[in-house]
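Trainee: I have a structure here, written as structure tokens, and I will follow up with some questions on it.
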Amino acid sequence: MATRVGRVSLNRGTIRDLLNGGMGMDEVLREDAQKVLSRARGLAPVDTGEYRGSIRLEVDQTDRMVVRVVATDRKSNVIEHEHAVLAKALGASAGEKGRTR
């Protein structure tokens, strides 16, 4: 049974397409992740710049499309433990007022 929402008919195929990034969802995910990435780079402590330079987007396909913000510097775990850079960047994104999505 399909549910009508506007001009989109929600059925298994449509849901699968959305979860895989179709119908513009890939752009939505990348745009939101880019905001988190920018915040994380702004919050990152800078000693040598290696940590900040290692913060990047990672796109993966599990049972759905996934876009992650990751830091790959060898000291990332220590820096995240001490400064919570990625956690703060994600939290700021989740707490935005007036979001349209």
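How things are named: the first chain in the structure tokens is A, the next is B, and so on; residues count from 1 in each chain; ligands count from 1 in the order shown.
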Please, which residues of segment 48-77 of chain A, numbered as in this document, come out alpha helix (DSSP H) from DSSP, as a ChimeraX atom specification?
Mentor: /A:50-54,76-77
Trainee: Give me, as a ChimeraX atom specification, all polymer residues having an atom no more than 10 Å from segment 90-92 of chain A, counting only C-alpha atoms and skipping those fewer than 4 positions away in the same chain.
Mentor: /A:32-33,35-37,39-40,69,84-86,96-97
Trainee: Find the residue from A:Arg41, A:Arg52, A:Arg12, A:Arg30 that sits nearest to Val67 of chain A; use only C-alpha atoms when measuring.
Mentor: A:Arg30
Trainee: Per DSSP on the backbone, filter segment 31-61 of chain A down to the residues in strand (DSSP E or B) and report them as an NGL selection string.
Mentor: :A and (55-61)
Trainee: Just N, CA and C atoms for this one: save the residues we selected as a CSV table (one decimal), in the first residue's frame.
Mentor:
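See selection_3.csv below for the written result:
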chain,number,residue,atom,x,y,z
A,55,ILE,N,40.6,16.6,8.9
A,55,ILE,CA,39.1,16.5,9.0
A,55,ILE,C,38.5,16.6,7.6
A,56,ARG,N,37.7,15.6,7.2
A,56,ARG,CA,37.2,15.5,5.9
A,56,ARG,C,35.9,14.8,5.9
A,57,LEU,N,35.2,14.8,4.7
A,57,LEU,CA,34.0,14.0,4.5
A,57,LEU,C,34.3,12.6,4.0
A,58,GLU,N,33.5,11.7,4.5
A,58,GLU,CA,33.7,10.3,4.0
A,58,GLU,C,32.3,9.8,3.6
A,59,VAL,N,32.1,9.4,2.4
A,59,VAL,CA,30.8,8.9,1.9
A,59,VAL,C,30.9,7.4,1.8
A,60,ASP,N,29.9,6.7,2.4
A,60,ASP,CA,29.8,5.3,2.4
A,60,ASP,C,28.4,4.8,2.0
A,61,GLN,N,28.3,3.6,1.7
A,61,GLN,CA,27.1,2.9,1.4
A,61,GLN,C,26.9,1.7,2.3
Trainee: Considering only C-alpha atoms, can you say which of A:Ser93, A:Asn11, A:Gln34, A:Arg16 comes closest to Asp63 of chain A?
Mentor: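 Nearest candidate to Asp63 of chain A out of A:Ser93, A:Asn11, A:Gln34, A:Arg16: A:Arg16.
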Trainee: Calculate how many Å separate atom CA of Ser54 of chain A from atom CA of Asp26 of chain A, rounding to one decimal.
Mentor: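 Interatomic distance, atom CA of Ser54 of chain A to atom CA of Asp26 of chain A: 22.7 Å.
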Trainee: Would you pick out the contacts of segment 74-83 of chain A at 9 Å or less, using only C-alpha atoms, so that residues sharing its chain but fewer than 5 positions from it are not included, and give the list as a list in words?
Mentor: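 Residues near the query, excluding close chain neighbours: Leu43, Ala44, Pro45, Tyr51, Ser54 and Lys88 of chain A.
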Trainee: Would you put the residues from that selection into a file with C-alpha atoms, as a PDB file, in the first residue's frame?
Mentor:
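Output file part_31.pdb is given in full below:
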ATOM      1  CA  LEU A  43      36.895  24.550  16.340  1.00  0.00           C
ATOM      2  CA  ALA A  44      40.007  22.450  15.767  1.00  0.00           C
ATOM      3  CA  PRO A  45      43.041  23.328  17.870  1.00  0.00           C
ATOM      4  CA  TYR A  51      44.622  17.472  12.801  1.00  0.00           C
ATOM      5  CA  SER A  54      42.794  15.673   8.361  1.00  0.00           C
ATOM      6  CA  LYS A  88      30.707  19.980  19.356  1.00  0.00           C
TER       7      LYS A  88
END
